[in-house]
$ cat input_13.cif   # mmCIF, C-alpha atoms, pLDDT in the B column; chains and numbers go by the auth columns
data_work
#
loop_
_atom_site.group_PDB
_atom_site.id
_atom_site.type_symbol
_atom_site.label_atom_id
_atom_site.label_comp_id
_atom_site.label_asym_id
_atom_site.label_seq_id
_atom_site.Cartn_x
_atom_site.Cartn_y
_atom_site.Cartn_z
_atom_site.B_iso_or_equiv
_atom_site.auth_seq_id
_atom_site.auth_asym_id
ATOM 1 C CA MET A 1 -63.489 -98.369 -5.148 52.00 12 W
ATOM 2 C CA ASP A 2 -64.389 -100.471 -8.127 57.00 13 W
ATOM 3 C CA GLN A 3 -61.075 -101.256 -9.768 75.00 14 W
ATOM 4 C CA ALA A 4 -60.910 -104.738 -11.255 73.00 15 W
ATOM 5 C CA ASP A 5 -57.380 -105.342 -9.937 82.00 16 W
ATOM 6 C CA VAL A 6 -58.761 -105.327 -6.380 90.00 17 W
ATOM 7 C CA TYR A 7 -60.298 -108.764 -6.962 94.00 18 W
ATOM 8 C CA ILE A 8 -58.233 -111.943 -7.156 94.00 19 W
ATOM 9 C CA SER A 9 -59.494 -115.209 -8.630 96.00 20 W
ATOM 10 C CA ARG A 10 -59.790 -117.916 -5.966 96.00 21 W
ATOM 11 C CA ASP A 11 -60.589 -121.609 -6.099 96.00 22 W
ATOM 12 C CA GLU A 12 -63.554 -122.961 -4.140 96.00 23 W
ATOM 13 C CA SER A 13 -61.426 -124.085 -1.199 96.00 24 W
ATOM 14 C CA GLU A 14 -59.757 -120.683 -0.862 96.00 25 W
ATOM 15 C CA ALA A 15 -63.111 -118.922 -1.152 97.00 26 W
ATOM 16 C CA ALA A 16 -64.539 -121.149 1.588 97.00 27 W
ATOM 17 C CA SER A 17 -61.608 -120.424 3.878 96.00 28 W
ATOM 18 C CA ILE A 18 -62.023 -116.678 3.377 96.00 29 W
ATOM 19 C CA ALA A 19 -65.799 -116.811 3.857 97.00 30 W
ATOM 20 C CA ILE A 20 -65.577 -118.893 7.022 97.00 31 W
ATOM 21 C CA GLY A 21 -62.890 -116.580 8.358 95.00 32 W
ATOM 22 C CA ILE A 22 -64.842 -113.381 7.798 95.00 33 W
ATOM 23 C CA LEU A 23 -68.039 -114.865 9.190 97.00 34 W
ATOM 24 C CA SER A 24 -66.379 -116.198 12.328 97.00 35 W
ATOM 25 C CA ARG A 25 -63.864 -113.466 13.254 95.00 36 W
ATOM 26 C CA ASP A 26 -64.154 -109.728 13.817 93.00 37 W
ATOM 27 C CA LEU A 27 -61.920 -108.004 11.263 91.00 38 W
ATOM 28 C CA ALA A 28 -60.839 -105.155 13.535 91.00 39 W
ATOM 29 C CA TYR A 29 -60.009 -107.079 16.714 92.00 40 W
ATOM 30 C CA ASP A 30 -59.858 -110.710 15.534 91.00 41 W
ATOM 31 C CA THR A 31 -62.304 -111.880 18.193 95.00 42 W
ATOM 32 C CA GLU A 32 -64.596 -114.820 17.544 96.00 43 W
ATOM 33 C CA ILE A 33 -68.130 -113.705 16.709 96.00 44 W
ATOM 34 C CA LEU A 34 -69.430 -117.020 15.398 96.00 45 W
ATOM 35 C CA SER A 35 -68.119 -120.559 15.702 98.00 46 W
ATOM 36 C CA PRO A 36 -66.195 -121.760 12.638 97.00 47 W
ATOM 37 C CA ALA A 37 -68.659 -124.661 12.325 98.00 48 W
ATOM 38 C CA ARG A 38 -71.631 -122.275 12.210 98.00 49 W
ATOM 39 C CA ALA A 39 -69.774 -120.018 9.749 98.00 50 W
ATOM 40 C CA ALA A 40 -69.097 -123.030 7.498 98.00 51 W
ATOM 41 C CA ALA A 41 -72.775 -123.993 7.626 98.00 52 W
ATOM 42 C CA LEU A 42 -73.808 -120.455 6.637 98.00 53 W
ATOM 43 C CA TRP A 43 -71.318 -120.506 3.744 98.00 54 W
ATOM 44 C CA GLN A 44 -72.788 -123.798 2.525 98.00 55 W
ATOM 45 C CA GLN A 45 -76.312 -122.352 2.723 98.00 56 W
ATOM 46 C CA PHE A 46 -75.142 -119.377 0.665 98.00 57 W
ATOM 47 C CA LEU A 47 -73.596 -121.664 -1.967 97.00 58 W
ATOM 48 C CA GLN A 48 -76.854 -123.616 -2.271 96.00 59 W
ATOM 49 C CA LEU A 49 -78.298 -120.517 -3.946 96.00 60 W
ATOM 50 C CA PHE A 50 -76.051 -121.355 -6.914 96.00 61 W
ATOM 51 C CA ASP A 51 -76.666 -125.123 -6.961 93.00 62 W
ATOM 52 C CA GLY A 52 -75.855 -126.770 -10.285 90.00 63 W
ATOM 53 C CA GLN A 53 -73.970 -123.793 -11.709 93.00 64 W
ATOM 54 C CA GLY A 54 -70.325 -123.719 -12.635 95.00 65 W
ATOM 55 C CA LEU A 55 -68.942 -121.171 -10.191 97.00 66 W
ATOM 56 C CA ARG A 56 -66.010 -118.798 -10.182 98.00 67 W
ATOM 57 C CA PHE A 57 -64.841 -117.072 -7.019 98.00 68 W
ATOM 58 C CA PHE A 58 -63.087 -113.752 -6.489 97.00 69 W
ATOM 59 C CA SER A 59 -61.915 -111.936 -3.384 96.00 70 W
ATOM 60 C CA ASN A 60 -59.968 -108.882 -2.358 95.00 71 W
ATOM 61 C CA CYS A 61 -58.192 -111.033 0.251 92.00 72 W
ATOM 62 C CA ARG A 62 -54.564 -111.533 -0.782 85.00 73 W
ATOM 63 C CA ALA A 63 -53.211 -113.876 1.888 75.00 74 W
ATOM 64 C CA GLY A 64 -54.724 -114.903 5.181 73.00 75 W
ATOM 65 C CA LEU A 65 -57.327 -112.569 6.618 72.00 76 W
ATOM 66 C CA HIS A 66 -54.818 -109.854 7.417 76.00 77 W
ATOM 67 C CA GLN A 67 -53.798 -108.873 3.881 82.00 78 W
ATOM 68 C CA TRP A 68 -56.356 -107.457 1.495 85.00 79 W
ATOM 69 C CA ASN A 69 -56.926 -104.833 -1.164 85.00 80 W
ATOM 70 C CA LEU A 70 -59.459 -102.227 -0.053 85.00 81 W
ATOM 71 C CA ALA A 71 -62.682 -102.561 -2.021 90.00 82 W
ATOM 72 C CA THR A 72 -64.746 -100.035 -0.024 88.00 83 W
ATOM 73 C CA ASN A 73 -64.114 -96.946 2.067 88.00 84 W
ATOM 74 C CA ALA A 74 -64.298 -98.966 5.294 90.00 85 W
ATOM 75 C CA THR A 75 -61.193 -99.419 7.440 90.00 86 W
ATOM 76 C CA PHE A 76 -61.516 -103.192 7.080 90.00 87 W
ATOM 77 C CA ASP A 77 -63.351 -104.992 4.288 94.00 88 W
ATOM 78 C CA ILE A 78 -63.047 -108.507 2.951 94.00 89 W
ATOM 79 C CA GLY A 79 -65.439 -110.488 0.852 96.00 90 W
ATOM 80 C CA VAL A 80 -66.076 -113.186 -1.687 97.00 91 W
ATOM 81 C CA LEU A 81 -67.773 -112.693 -5.034 97.00 92 W
ATOM 82 C CA VAL A 82 -69.484 -115.773 -6.436 98.00 93 W
ATOM 83 C CA VAL A 83 -70.089 -115.701 -10.187 98.00 94 W
ATOM 84 C CA GLY A 84 -72.323 -118.408 -11.586 96.00 95 W
ATOM 85 C CA GLU A 85 -73.654 -119.220 -15.030 95.00 96 W
ATOM 86 C CA SER A 86 -77.054 -117.649 -14.371 95.00 97 W
ATOM 87 C CA SER A 87 -76.671 -115.758 -11.090 96.00 98 W
ATOM 88 C CA SER A 88 -74.052 -114.126 -8.921 97.00 99 W
ATOM 89 C CA GLY A 89 -73.713 -113.231 -5.277 98.00 100 W
ATOM 90 C CA CYS A 90 -71.589 -111.298 -2.858 97.00 101 W
ATOM 91 C CA LEU A 91 -70.657 -112.092 0.732 97.00 102 W
ATOM 92 C CA TRP A 92 -68.938 -109.005 2.096 96.00 103 W
ATOM 93 C CA VAL A 93 -67.942 -107.861 5.570 94.00 104 W
ATOM 94 C CA GLU A 94 -66.871 -104.387 6.613 93.00 105 W
ATOM 95 C CA ASP A 95 -65.605 -103.333 10.024 90.00 106 W
ATOM 96 C CA GLU A 96 -64.320 -100.218 11.748 89.00 107 W
ATOM 97 C CA ASP A 97 -62.129 -99.945 14.797 82.00 108 W
#
$ encode --input "input_13.cif" --output "structure tokens"
Amino acid sequence: MDQADVYISRDESEAASIAIGILSRDLAYDTEILSPARAAALWQQFLQLFDGQGLRFFSNCRAGLHQWNLATNATFDIGVLVVGESSSGCLWVEDED
């Protein structure tokens, strides 16, 4: 599924909230798999890869972590696309129940 309308522009704060949520909680059962503090630290490490670039963020997450547009064939999938001036990255999580 590669339709452009799947992805919604997000500001940095929204992108961080989504990233921390998908790193710390299981999408299928909403159980904690990583502490939010550790998830936030991992997100910051990921962002350091784009240091000094003007960044834009996109996600298939519409509202909270329980509303999203499917971007893959997985039962659950949420992620954040990071688009920089000279490089881009993708933090994506899929889950099945």
$ residues_near_point --input "input_13.cif" --point "(-71.9, -114.4, 7.2)" --cutoff "9 Å" --atoms "all atoms listed in the file" --output "PyMOL selection string"
chain W and resi 30-31+33-35+45+50+53-54+57+102-104
$ atom_distance --input "input_13.cif" --atom1 "CA of Leu92 in chain W" --atom2 "CA of Leu38 in chain W"
17.9 Å
$ residues_around --input "input_13.cif" --residues "range 72-86 of chain W" --least-positions-apart "3" --cutoff "9 Å" --atoms "all atoms listed in the file" --output "VMD selection string"
chain W and resid 12 to 14 16 to 19 28 to 29 32 to 33 38 to 39 69 89 to 91 105 to 108
$ write_last_selection --input "input_13.cif" --atoms "C-alpha atoms" --output "PDB file, in the coordinates of the input"
ATOM      1  CA  MET W  12     -63.489 -98.369  -5.148  1.00 52.00           C
ATOM      2  CA  ASP W  13     -64.389-100.471  -8.127  1.00 57.00           C
ATOM      3  CA  GLN W  14     -61.075-101.256  -9.768  1.00 75.00           C
ATOM      4  CA  ASP W  16     -57.380-105.342  -9.937  1.00 82.00           C
ATOM      5  CA  VAL W  17     -58.761-105.327  -6.380  1.00 90.00           C
ATOM      6  CA  TYR W  18     -60.298-108.764  -6.962  1.00 94.00           C
ATOM      7  CA  ILE W  19     -58.233-111.943  -7.156  1.00 94.00           C
ATOM      8  CA  SER W  28     -61.608-120.424   3.878  1.00 96.00           C
ATOM      9  CA  ILE W  29     -62.023-116.678   3.377  1.00 96.00           C
ATOM     10  CA  GLY W  32     -62.890-116.580   8.358  1.00 95.00           C
ATOM     11  CA  ILE W  33     -64.842-113.381   7.798  1.00 95.00           C
ATOM     12  CA  LEU W  38     -61.920-108.004  11.263  1.00 91.00           C
ATOM     13  CA  ALA W  39     -60.839-105.155  13.535  1.00 91.00           C
ATOM     14  CA  PHE W  69     -63.087-113.752  -6.489  1.00 97.00           C
ATOM     15  CA  ILE W  89     -63.047-108.507   2.951  1.00 94.00           C
ATOM     16  CA  GLY W  90     -65.439-110.488   0.852  1.00 96.00           C
ATOM     17  CA  VAL W  91     -66.076-113.186  -1.687  1.00 97.00           C
ATOM     18  CA  GLU W 105     -66.871-104.387   6.613  1.00 93.00           C
ATOM     19  CA  ASP W 106     -65.605-103.333  10.024  1.00 90.00           C
ATOM     20  CA  GLU W 107     -64.320-100.218  11.748  1.00 89.00           C
ATOM     21  CA  ASP W 108     -62.129 -99.945  14.797  1.00 82.00           C
TER      22      ASP W 108
END
$ axis_aligned_box --input "input_13.cif" --around "range 31-41 of chain W" --padding-each-side "3 Å" --output "AutoDock Vina command-line options"
--center_x -63.9 --center_y -112.0 --center_z 11.9 --size_x 14.2 --size_y 19.7 --size_z 15.7
$ closest_residue --input "input_13.cif" --among "W:Val93, W:Ala15, W:Ile44, W:Ala27" --to "Phe68 in chain W" --atoms "only C-alpha atoms"
W:Val93
$ atom_distance --input "input_13.cif" --atom1 "CA of Gly63 in chain W" --atom2 "CA of Ser97 in chain W"
10.1 Å
$ residues_around --input "input_13.cif" --residues "Gln55 in chain W" --least-positions-apart "3" --cutoff "12 Å" --atoms "only C-alpha atoms" --output "ChimeraX atom specification"
/W:23-24,26-28,30-31,48-52,58-62
$ atom_distance --input "input_13.cif" --atom1 "CA of Arg67 in chain W" --atom2 "CA of Arg36 in chain W"
24.1 Å
$ build_atoms --input "input_13.cif" --residues "range 34-67 of chain W" --atoms "N, CA and C atoms" --output "mmCIF file, in the coordinates of the input"
data_model
loop_
_atom_site.group_PDB
_atom_site.id
_atom_site.type_symbol
_atom_site.label_atom_id
_atom_site.label_comp_id
_atom_site.auth_asym_id
_atom_site.auth_seq_id
_atom_site.Cartn_x
_atom_site.Cartn_y
_atom_site.Cartn_z
ATOM 1 N N LEU W 34 -66.795 -114.662 8.444
ATOM 2 C CA LEU W 34 -68.039 -114.865 9.190
ATOM 3 C C LEU W 34 -67.773 -115.179 10.662
ATOM 4 N N SER W 35 -66.631 -115.754 10.957
ATOM 5 C CA SER W 35 -66.379 -116.198 12.328
ATOM 6 C C SER W 35 -65.516 -115.248 13.153
ATOM 7 N N ARG W 36 -64.781 -114.343 12.515
ATOM 8 C CA ARG W 36 -63.864 -113.466 13.254
ATOM 9 C C ARG W 36 -64.150 -112.003 12.954
ATOM 10 N N ASP W 37 -64.054 -111.174 13.964
ATOM 11 C CA ASP W 37 -64.154 -109.728 13.817
ATOM 12 C C ASP W 37 -62.906 -109.243 13.083
ATOM 13 N N LEU W 38 -63.077 -108.445 12.049
ATOM 14 C CA LEU W 38 -61.920 -108.004 11.263
ATOM 15 C C LEU W 38 -61.033 -107.031 12.026
ATOM 16 N N ALA W 39 -61.626 -106.171 12.841
ATOM 17 C CA ALA W 39 -60.839 -105.155 13.535
ATOM 18 C C ALA W 39 -60.043 -105.725 14.707
ATOM 19 N N TYR W 40 -60.652 -106.605 15.485
ATOM 20 C CA TYR W 40 -60.009 -107.079 16.714
ATOM 21 C C TYR W 40 -59.740 -108.582 16.734
ATOM 22 N N ASP W 41 -60.113 -109.276 15.680
ATOM 23 C CA ASP W 41 -59.858 -110.710 15.534
ATOM 24 C C ASP W 41 -60.473 -111.548 16.658
ATOM 25 N N THR W 42 -61.601 -111.097 17.185
ATOM 26 C CA THR W 42 -62.304 -111.880 18.193
ATOM 27 C C THR W 42 -63.342 -112.766 17.515
ATOM 28 N N GLU W 43 -63.612 -113.907 18.125
ATOM 29 C CA GLU W 43 -64.596 -114.820 17.544
ATOM 30 C C GLU W 43 -65.998 -114.248 17.731
ATOM 31 N N ILE W 44 -66.751 -114.185 16.645
ATOM 32 C CA ILE W 44 -68.130 -113.705 16.709
ATOM 33 C C ILE W 44 -69.121 -114.805 16.352
ATOM 34 N N LEU W 45 -68.606 -115.888 15.806
ATOM 35 C CA LEU W 45 -69.430 -117.020 15.398
ATOM 36 C C LEU W 45 -68.506 -118.231 15.356
ATOM 37 N N SER W 46 -68.990 -119.380 15.746
ATOM 38 C CA SER W 46 -68.119 -120.559 15.702
ATOM 39 C C SER W 46 -67.764 -120.875 14.247
ATOM 40 N N PRO W 47 -66.561 -121.381 14.007
ATOM 41 C CA PRO W 47 -66.195 -121.760 12.638
ATOM 42 C C PRO W 47 -67.166 -122.769 12.032
ATOM 43 N N ALA W 48 -67.695 -123.677 12.843
ATOM 44 C CA ALA W 48 -68.659 -124.661 12.325
ATOM 45 C C ALA W 48 -69.935 -123.974 11.847
ATOM 46 N N ARG W 49 -70.420 -123.008 12.612
ATOM 47 C CA ARG W 49 -71.631 -122.275 12.210
ATOM 48 C C ARG W 49 -71.337 -121.432 10.974
ATOM 49 N N ALA W 50 -70.163 -120.811 10.919
ATOM 50 C CA ALA W 50 -69.774 -120.018 9.749
ATOM 51 C C ALA W 50 -69.712 -120.897 8.502
ATOM 52 N N ALA W 51 -69.171 -122.102 8.633
ATOM 53 C CA ALA W 51 -69.097 -123.030 7.498
ATOM 54 C C ALA W 51 -70.493 -123.427 7.038
ATOM 55 N N ALA W 52 -71.397 -123.638 7.984
ATOM 56 C CA ALA W 52 -72.775 -123.993 7.626
ATOM 57 C C ALA W 52 -73.459 -122.844 6.888
ATOM 58 N N LEU W 53 -73.228 -121.618 7.326
ATOM 59 C CA LEU W 53 -73.808 -120.455 6.637
ATOM 60 C C LEU W 53 -73.245 -120.317 5.223
ATOM 61 N N TRP W 54 -71.945 -120.565 5.068
ATOM 62 C CA TRP W 54 -71.318 -120.506 3.744
ATOM 63 C C TRP W 54 -71.947 -121.545 2.822
ATOM 64 N N GLN W 55 -72.164 -122.749 3.331
ATOM 65 C CA GLN W 55 -72.788 -123.798 2.525
ATOM 66 C C GLN W 55 -74.219 -123.430 2.139
ATOM 67 N N GLN W 56 -74.956 -122.814 3.045
ATOM 68 C CA GLN W 56 -76.312 -122.352 2.723
ATOM 69 C C GLN W 56 -76.267 -121.309 1.615
ATOM 70 N N PHE W 57 -75.301 -120.408 1.692
ATOM 71 C CA PHE W 57 -75.142 -119.377 0.665
ATOM 72 C C PHE W 57 -74.852 -120.018 -0.689
ATOM 73 N N LEU W 58 -73.953 -121.000 -0.710
ATOM 74 C CA LEU W 58 -73.596 -121.664 -1.967
ATOM 75 C C LEU W 58 -74.764 -122.432 -2.573
ATOM 76 N N GLN W 59 -75.688 -122.898 -1.756
ATOM 77 C CA GLN W 59 -76.854 -123.616 -2.271
ATOM 78 C C GLN W 59 -77.699 -122.738 -3.187
ATOM 79 N N LEU W 60 -77.580 -121.433 -3.056
ATOM 80 C CA LEU W 60 -78.298 -120.517 -3.946
ATOM 81 C C LEU W 60 -77.829 -120.652 -5.392
ATOM 82 N N PHE W 61 -76.647 -121.225 -5.586
ATOM 83 C CA PHE W 61 -76.051 -121.355 -6.914
ATOM 84 C C PHE W 61 -75.944 -122.815 -7.341
ATOM 85 N N ASP W 62 -76.731 -123.683 -6.730
ATOM 86 C CA ASP W 62 -76.666 -125.123 -6.961
ATOM 87 C C ASP W 62 -76.762 -125.464 -8.449
ATOM 88 N N GLY W 63 -75.842 -126.306 -8.904
ATOM 89 C CA GLY W 63 -75.855 -126.770 -10.285
ATOM 90 C C GLY W 63 -75.161 -125.852 -11.270
ATOM 91 N N GLN W 64 -74.657 -124.728 -10.812
ATOM 92 C CA GLN W 64 -73.970 -123.793 -11.709
ATOM 93 C C GLN W 64 -72.457 -123.986 -11.598
ATOM 94 N N GLY W 65 -71.773 -123.801 -12.692
ATOM 95 C CA GLY W 65 -70.325 -123.719 -12.635
ATOM 96 C C GLY W 65 -69.984 -122.383 -11.997
ATOM 97 N N LEU W 66 -69.205 -122.397 -10.933
ATOM 98 C CA LEU W 66 -68.942 -121.171 -10.191
ATOM 99 C C LEU W 66 -67.493 -120.732 -10.309
ATOM 100 N N ARG W 67 -67.329 -119.422 -10.303
ATOM 101 C CA ARG W 67 -66.010 -118.798 -10.182
ATOM 102 C C ARG W 67 -66.051 -117.926 -8.935
#
